[in-house]
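Report on the structure given below.
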Amino acid sequence: MRRLLQSIIHNRKLYDRPQDEWVCGRAAEGCPCVFGPGSKGECRATSQCLPARKGDRWVCTRAISLGAACENGPQADGSCGCPVPPCTPQQSLRGQRRQLTWLTVSLAAGVVVMGLWGWARTAWSSPGPLTAQHAMSAQRCADCHVESPGIPLTPEDHIRRMQAHNQRCLECHDLGAHGNSPHGVKGEELAMLTQRTKAGAIPPTLLQRAAKSLVSDAPAELACATCHQEHHGRDANIQRLSDQQCQACHQAPFASFTAGHPEFTDYPATRRTRLQFDHVSHWQKHFAEPRLAASAPKSCADCHEPAADGRKMLVRNFAQTCAQCHAGQIEGEGQTGAKGLVFIRLPEVDVTALEAAGAPVGDWPDYCEGGITPFMRWMLEGDETARKALADLGAVKLADLSRATPAQKAAAARLVWSIKGLLADLITKGQQVMMRRLDPYAPAQGSTRHTGKFSADSLLAAQQIWLPGLLTEVAAHRHGDKPSSRPARSRAVAAKPAGSGATTGVPAVDPDDLLAGPAPTSPVDKDDLLAPEVGAAPASAPAPVTPPVLEYDDAEARVAEGGWYRRDENYTLYYRPSGHADEFLTAWLETSAGDALPAAQAIFTQLADEKAPGACMKCHTVDRVGSATVVNWLTSRPQPHQRSFTSFKHAAHFALMGVQGCSTCHVLDAKADYAAAFGANRDITRFHSNFAPLTKNSCVSCHQPELAGASCQQCHNYHTGELAGLHLRSAGFNVPTAVAPPSIRPEPAPR
Amino acid sequence: MKSFLSRRWTLSLLAAGLALALVLAWQLARIALRPVAVYTGWLLLALVLILTFFNARKKLPFLPLLSASTWMQAHIYLGWLGCFVFVLHTGARIPDGGLEGLLAAAFAGVAVSGALGLWLSRWLPPRLVRSGESLVYERIPVLRHRLAEEVKELVRRAETEAQSSTLPDLYQRVLHAYFLRVPPPLSPLTGDDHEFHRVKLELESSRRYLNAAEQELAGQLATLLEAKRNLDTQLAGQRLLKLWLFVHIPLTYGLLVLIAAHVWLVLHYSHRL
């Protein structure tokens with residue numbers, strides 16, 4: 001027989017209160033009191049009822065469930081006659097659960113308070129470890145975060161907050177002038193690129209189209225945290241982006257590199273080469289010549305080598321590449337004219353006209369040729385008098401003053417005296433004057449490259465031949481004395497150059513030949529400026545003795561390794577380059593290329609001529625970069641902070657080249673008019689590469705998702721332009737104002 | 001009215017459809033470089049609040065806010081959806097920050113206890129119905145007390161009427177302790193029934209020493225023994241159905257506190273909202 005338990009409950013009028021927090025301690029025995037426990041769990045039962053007073057009697061009010069009115073009835077004082085001993089109320093399940101809930105909430109709140117405001121706030125509130133780099137540089141939340149109260153409700157608030165956060169990033173990271181703009185490109189350029197890419201756009205996939213609908217068309221500024229999501233672990237890659245994410249912003253999205261990526265147009269040539277080197281003519285014409293077979297390169301690697309990071313292919317240095325064929329050209333080998341650069345020359349002056357006009361210029365050779373050299377003009381313009389004289393003279397040439405006005409003749413005379421003064425100053429003060437006259441360039445360059453280690457002695461020796469009385473004349477002129485009448489001169493002076501002394505039988509004064517004895521024809525000590533000058537009143541000469549003489553090489557040949565020399569037949573002082581990368585030539589090319597002054601341009605024209613000594617501009621080019629002009633001495637300018645949009649690592653592809661070697665990708669374009677982009681052109685964007693542009697197919701064969709990979713970030717950088725990486729923060733050393741003397745502990749006394 | 005099975009299918013499909021739509025939206029927003037963590041965070045907060053309101057709804061029965069059964073169904077399926085959104089929110093990554101780790105652990109605790117509660121509420125009730133008379137949980141202590149009293153009375157009768165000490169000895173040795181015994185908390189899961197069988201075996205073994213009058217009393221004792229077994233089953237089962245809430249509800253409120261801190265941190269420090 002089955003026993004139904006519910007039936008054994010005696011009084012069904014008792015009902016359960018599961019919501020109560022406390023249960024009577026006697027409930028388990030089936031006889032809970034009618035009062036039940038208090039809200040705090042205290043027993044409220046003292047008796048079975050609370051007797052009621054009816055007239056002068058107390059009446060029992062015991063509940064029916066407890067057996068109704070008791071037989072004994074209340075006590076005389078009105079208290080119940082059936083006292084109930086107190087019980088210990090038990091907490092109900094609900095009460096226990098509520099208690100546990102409050103305990104949990106308190107615990108959580110405690111953890112939150114400790115986490116947000118406690119001593120371990122940073123550790124607790126951080127959503128995760130930072131990457132190693134940021135973990136070292138950021139100590140507090142506020143180092144990277146702008147603490148903003150509340151939610152940014154308006155778009156302006158949102159942008160302000162985002163920009164404030166971006167600024168925190170940019171305090172350390174240098175992303176260039178347009179760091180907040182997509183790809184670091186300014187708005188107009190971005191719009192132009194957009195138009196260009198839109199033209200060849202292929203309809204995107206449905207997913208891309210849907211994703212794109214969520215992106216604003218306007219090139220809005222992006223939050224750094226859009227892509228770089230920190231707090232994902234020490235080794236997290238916070239630069240990673242999926243291809244789809246890259247293309248979400250792009251106006252012309254495409255499916256993948258293999259499908260839809262635009263064909264390469266001019267990659268990798270994006271500018272004119274810095275060195276004018278025609279690969280086609282060299283490979284097909286020059287290197288094919290049998291006489292050059294030994295020195296011609298056998299492969300690209302003979303001239304090119306990868307950079308240290310394996311990315312760019314660099315050109316080896318001059319000695320390893322071009323020198324074998326072109327070193328002689330630089331030194332003037334086979335050159336018909338002078339191998340040196342005309343630096344100073346006595347210009348041809350119409351002395352007769354000047355004397356007729358009452359503006360004598362003193363001694364001046366009759367057979368000078370040519371005008372003022374560009375270098376002389378440059379130095380003369382450093383002097384106020386000369387500059388004014390040059391201006392007054394205008395287009396009139398010194399060599400022919402027959403049609404000059406009196407004012408111009410006067411200016412010509414002043415100019416001649418300025419030339420004489422310049423020569424005298426150069427002789428007596430040497431490089432100091434040269435540096436001062438070359439101002440402002442010489443001090444700005446911070447070196448003596450512009451002086452070419454100028455030798456005043458060379459000029460002194462020349463002066464003793466060309467204008468023997470120069471120093472006296474200049475001193476008198478500056479004193480205000482009228483010059484004496486012009487001494488009779490003949491071409492014989494010029495016909496007796498230092499190098500030709502042997503041929504005449506009379507050795508000329510050679511200031512450089514210290515071993516030579518005193519010149520028999522000139523008793524003047526060339527170093528003794530106080531002594532009478534050559535050409536002055538001759539002293540009594542001893543009887544001429546004809547000593548044995550040595551043959552003099554040509555003055556130019558005596559400075560084969562570079563330096564200063566003169567030629568008396570044309571009253572010219574030359575500078576011969578010392579070979580490749582001569583400091584004097586490179587300094588003046590750099591200086592004059594970017595200077596619009598006529599004097600500077602004259603120097604540049606003189607130096608830039610293909611047949612000029614050094615022939616620098618035969619290979620080296622000049623770029624116009626904005627308002628600046630840059631002479632390219634190197635084939636590639638190191639740009640450690642320049643980050644291009646496309647990144648390619650040559651070294652990683654060496655193993656993939658077939659028998660064709662570099663030609664696998666770089667195919668010569670024989671039809672391209674390579675040379676047309678050089679000469680007077682300084683625009684680097686106008687060029688024709690020697691090589692045909694790379695085709696996408698050459699990359700696609702390997703760069704597929706299942707092979708070498710085809711993700712956008714494999715070849716492209718997001719942040720482009722001039723990026724210095726991290727800002728360099730430098731502070732001075734903290735030097736203590738006073739150094740405390742080291743404390744000397746007294747040695748313990750010996751025992 | 002729809003059957004339970006068709007309702008389950010309908011709601012499951014609805015929840016799965018919603019989850020799919022969420023994944024699609026999440027993927028699109030992620031591709032579009034939108035702050036998906038912020039979006040899913042707000043969604044998750046809304047879901048948690050709705051789920052928590054179910055408890056409040058039970059306490060406010062006078063409000064005309066759908067039936068408790070509907071709320072229960074919504075609680076179950078939105079709970080599953082909440083777990084899914086949680087995975088999207090964290091990017092299926094185990095958070096390793098202090099507060100975030102605690103928050104994730106609390107959420108996992110609430111979710112797991114909820115799932116366990118759901119399973120228990122589906123698995124235990126049929127077993128309780130099959131075990132015998134259904135009892136009100138709060139009355140079980142009273143019933144246990146009454147049963148113990150009845151057993152005591154039977155044994156006293158055996159002692160006085162039959163003048164035998166067999167049943168009183170058995171009572172002293174076995175029955176007294178058994179009828180006052182409270183089963184262990186997880187006995188319905190572990191199938192802890194051996195105590196009943198041991199006592200019953202003892203009673204049956206003692207029958208050979210009983211006279212006719214005692215045999216009748218022993219039969220009544222056997223009936224009470226069965227009733228005690230059902231009582232224990234009901235107690236253990238219903239207690240388990242209430243015990244999982246000891247994890248689920250306190251953790252839920254603790255979770256809300258941690259969520260509040262998390263939201264404050266996000267609003268205070270986030271680059272993008």
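Within each chain, counting starts at residue 1; across the structure tokens, chains are named A, B, ... in the order shown, with ligands numbered 1 upward in that order.
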So which residues touch Val87 (chain B) within 12 Å, counting only C-alpha atoms, skipping near sequence neighbours fewer than 5 positions away, as a CSV table (one decimal) with C-alpha atoms, in the first residue's frame?
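Output saved as part.csv:
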chain,number,residue,atom,x,y,z
B,19,ALA,CA,22.9,34.8,-34.1
B,22,LEU,CA,24.7,39.1,-35.6
B,23,VAL,CA,27.7,37.4,-37.0
B,26,TRP,CA,29.8,41.9,-36.7
B,37,ALA,CA,33.7,45.6,-29.4
B,40,THR,CA,28.6,44.1,-29.1
B,41,GLY,CA,29.3,45.5,-25.6
B,44,LEU,CA,25.5,42.4,-24.4
B,80,TRP,CA,22.0,31.5,-25.3
B,81,LEU,CA,22.2,34.6,-27.6
B,82,GLY,CA,24.0,36.5,-24.8
B,92,ALA,CA,36.8,34.4,-28.6
B,93,ARG,CA,39.8,35.5,-26.6
B,94,ILE,CA,40.2,34.8,-22.9
B,95,PRO,CA,40.5,38.2,-21.2
B,104,ALA,CA,34.5,37.1,-17.9
B,107,PHE,CA,29.7,35.8,-16.9
B,108,ALA,CA,30.9,32.3,-17.6
Kindly assemble as a Markdown table a list of the region 115-146 of chain B residues that lie within 12 Å of region 31-40 of chain A, each paired with its nearest atom pair and their distance in Å to one decimal, using only C-alpha atoms, sorted first by chain and then by ascending residue number.
| residue | atom | partner | partner_atom | distance |
| --- | --- | --- | --- | --- |
| B:Arg139 | CA | A:Cys31 | CA | 11.6 |
| B:Pro141 | CA | A:Cys31 | CA | 11.2 |
| B:Val142 | CA | A:Cys31 | CA | 8.4 |
| B:Leu143 | CA | A:Cys31 | CA | 11.5 |
| B:His145 | CA | A:Cys31 | CA | 10.4 |
| B:Arg146 | CA | A:Cys31 | CA | 10.7 |
Residue contacts of region 410-414 of chain A (10 Å, only C-alpha atoms) excluding same-chain residues fewer than 4 positions away, as number ranges by chain
A: 349-351, 354-355, 357-362, 385-386, 388-394, 396-399, 401, 404-406, 418-420
As a PyMOL selection string, please: the residues near Gln172 (chain B) (cut-off 12 Å, only C-alpha atoms, same-chain neighbours under 4 positions excluded).
chain B and resi 151-152+155-156+165-168+176-179
Near region 192-202 of chain B, counting only C-alpha atoms, which residues have an atom at most 8 Å away, once you skip same-chain residues fewer than 6 positions from it, shown as number ranges by chain?
B: 170, 174-175, 178, 222, 225, 229
Write out as a PyMOL selection string every residue belonging to chain B that has an atom at most 8 Å from any atom of chain A, counting only C-alpha atoms.
chain B and resi 28-35+95-100+133+135+138-139+141-143+145-146+223-224+226-227+245-246+249-251+253-255+257-258+261+265+267-273
Would you output that residue set with N, CA and C atoms, as a tab-separated table (two decimals), in the first residue's frame?
chain	number	residue	atom	x	y	z
B	28	LEU	N	30.74	42.48	-40.94
B	28	LEU	CA	30.69	43.68	-41.79
B	28	LEU	C	31.28	44.88	-41.06
B	29	ALA	N	30.87	45.03	-39.81
B	29	ALA	CA	31.37	46.18	-39.04
B	29	ALA	C	32.87	46.05	-38.80
B	30	ARG	N	33.33	44.83	-38.61
B	30	ARG	CA	34.78	44.62	-38.39
B	30	ARG	C	35.56	44.99	-39.65
B	31	ILE	N	35.04	44.57	-40.79
B	31	ILE	CA	35.70	44.91	-42.06
B	31	ILE	C	35.70	46.42	-42.26
B	32	ALA	N	34.61	47.04	-41.87
B	32	ALA	CA	34.49	48.49	-42.05
B	32	ALA	C	35.24	49.24	-40.95
B	33	LEU	N	36.02	48.52	-40.18
B	33	LEU	CA	36.85	49.11	-39.12
B	33	LEU	C	36.02	49.88	-38.10
B	34	ARG	N	34.82	49.40	-37.88
B	34	ARG	CA	33.97	49.98	-36.86
B	34	ARG	C	34.35	49.39	-35.50
B	35	PRO	N	34.05	50.11	-34.44
B	35	PRO	CA	34.39	49.58	-33.11
B	35	PRO	C	33.42	48.47	-32.70
B	95	PRO	N	39.99	36.94	-21.74
B	95	PRO	CA	40.53	38.21	-21.24
B	95	PRO	C	41.60	37.97	-20.18
B	96	ASP	N	42.64	38.79	-20.26
B	96	ASP	CA	43.72	38.59	-19.30
B	96	ASP	C	43.97	39.80	-18.40
B	97	GLY	N	43.04	40.76	-18.45
B	97	GLY	CA	43.14	41.87	-17.49
B	97	GLY	C	42.52	41.47	-16.17
B	98	GLY	N	42.83	42.17	-15.11
B	98	GLY	CA	42.32	41.81	-13.79
B	98	GLY	C	40.80	41.86	-13.73
B	99	LEU	N	40.25	43.05	-13.90
B	99	LEU	CA	38.80	43.21	-13.82
B	99	LEU	C	38.09	42.47	-14.95
B	100	GLU	N	38.69	42.54	-16.12
B	100	GLU	CA	38.06	41.90	-17.28
B	100	GLU	C	38.03	40.39	-17.12
B	133	GLU	N	4.68	10.44	-4.75
B	133	GLU	CA	3.85	11.60	-4.48
B	133	GLU	C	4.67	12.90	-4.55
B	135	LEU	N	5.59	16.54	-3.47
B	135	LEU	CA	5.46	17.20	-2.18
B	135	LEU	C	5.88	18.65	-2.26
B	138	GLU	N	8.71	23.06	1.19
B	138	GLU	CA	8.78	23.66	2.52
B	138	GLU	C	8.15	22.76	3.57
B	139	ARG	N	7.30	21.80	3.16
B	139	ARG	CA	6.63	20.95	4.14
B	139	ARG	C	7.41	19.66	4.41
B	141	PRO	N	10.28	18.98	5.87
B	141	PRO	CA	10.75	18.74	7.24
B	141	PRO	C	9.62	18.29	8.19
B	142	VAL	N	8.46	18.89	8.00
B	142	VAL	CA	7.32	18.50	8.84
B	142	VAL	C	6.95	17.05	8.58
B	143	LEU	N	6.92	16.72	7.28
B	143	LEU	CA	6.55	15.35	6.91
B	143	LEU	C	7.57	14.35	7.45
B	145	HIS	N	9.33	14.67	10.08
B	145	HIS	CA	9.11	14.59	11.52
B	145	HIS	C	7.90	13.69	11.83
B	146	ARG	N	6.85	13.88	11.05
B	146	ARG	CA	5.64	13.08	11.27
B	146	ARG	C	5.90	11.60	11.00
B	223	THR	N	5.84	0.18	4.41
B	223	THR	CA	5.15	1.26	3.66
B	223	THR	C	5.74	2.63	4.01
B	224	LEU	N	5.99	2.80	5.31
B	224	LEU	CA	6.58	4.08	5.74
B	224	LEU	C	8.00	4.26	5.19
B	226	GLU	N	9.03	3.18	2.33
B	226	GLU	CA	8.88	3.62	0.94
B	226	GLU	C	8.55	5.13	0.90
B	227	ALA	N	7.65	5.50	1.86
B	227	ALA	CA	7.29	6.93	1.91
B	227	ALA	C	8.51	7.79	2.22
B	245	LEU	N	20.36	27.98	-8.18
B	245	LEU	CA	20.11	29.42	-8.13
B	245	LEU	C	21.04	30.12	-7.13
B	246	PHE	N	21.58	29.34	-6.21
B	246	PHE	CA	22.54	29.92	-5.26
B	246	PHE	C	23.82	30.37	-5.98
B	249	ILE	N	22.00	33.37	-9.27
B	249	ILE	CA	21.48	34.71	-8.92
B	249	ILE	C	22.55	35.58	-8.24
B	250	PRO	N	23.24	35.08	-7.20
B	250	PRO	CA	24.27	35.96	-6.62
B	250	PRO	C	25.32	36.37	-7.65
B	251	LEU	N	25.72	35.42	-8.50
B	251	LEU	CA	26.73	35.77	-9.51
B	251	LEU	C	26.19	36.81	-10.50
B	253	TYR	N	24.11	39.26	-9.86
B	253	TYR	CA	24.22	40.61	-9.29
B	253	TYR	C	25.68	41.06	-9.17
B	254	GLY	N	26.54	40.11	-8.86
B	254	GLY	CA	27.98	40.44	-8.85
B	254	GLY	C	28.44	40.84	-10.25
B	255	LEU	N	27.90	40.13	-11.26
B	255	LEU	CA	28.23	40.44	-12.66
B	255	LEU	C	27.79	41.86	-13.01
B	257	VAL	N	27.57	44.41	-11.10
B	257	VAL	CA	28.52	45.37	-10.49
B	257	VAL	C	29.78	45.45	-11.35
B	258	LEU	N	30.27	44.30	-11.75
B	258	LEU	CA	31.49	44.29	-12.57
B	258	LEU	C	31.24	44.91	-13.93
B	261	ALA	N	31.43	48.63	-13.66
B	261	ALA	CA	32.83	49.09	-13.62
B	261	ALA	C	33.45	49.04	-15.02
B	265	LEU	N	34.90	52.13	-17.21
B	265	LEU	CA	36.27	52.16	-17.74
B	265	LEU	C	36.27	52.44	-19.23
B	267	LEU	N	33.92	53.95	-21.04
B	267	LEU	CA	33.52	55.33	-21.32
B	267	LEU	C	34.63	56.31	-20.94
B	268	HIS	N	35.38	55.94	-19.96
B	268	HIS	CA	36.40	56.85	-19.45
B	268	HIS	C	37.66	56.85	-20.32
B	269	TYR	N	38.01	55.71	-20.86
B	269	TYR	CA	39.33	55.59	-21.49
B	269	TYR	C	39.30	55.25	-22.98
B	270	SER	N	38.17	54.80	-23.49
B	270	SER	CA	38.19	54.29	-24.85
B	270	SER	C	38.51	55.38	-25.87
B	271	HIS	N	39.25	54.99	-26.91
B	271	HIS	CA	39.57	55.90	-28.00
B	271	HIS	C	38.36	56.12	-28.89
B	272	ARG	N	37.56	55.08	-29.01
B	272	ARG	CA	36.45	55.12	-29.97
B	272	ARG	C	35.19	54.65	-29.28
B	273	LEU	N	34.13	55.38	-29.48
B	273	LEU	CA	32.85	54.93	-28.90
B	273	LEU	C	31.76	54.92	-29.96
With DSSP run on the backbone, what are the alpha helix (DSSP H) residues within region 52-256 of chain B? I'd like them as a ChimeraX atom specification.
/B:52-59,68-90,98-131,140-161,166-170,176-180,187-190,194-206,212-243,245-256
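Counting only C-alpha atoms and comparing B:Leu128, B:Leu217, B:Leu102, B:Val85, the residue that lies closest to Leu47 (chain B) is B:Val85.
Near Asn180 (chain A), within 7 Å and counting only C-alpha atoms, sit His178, Pro182, Gly184, Glu221 and Leu222 of chain A; same-chain residues fewer than 2 positions away were not included.
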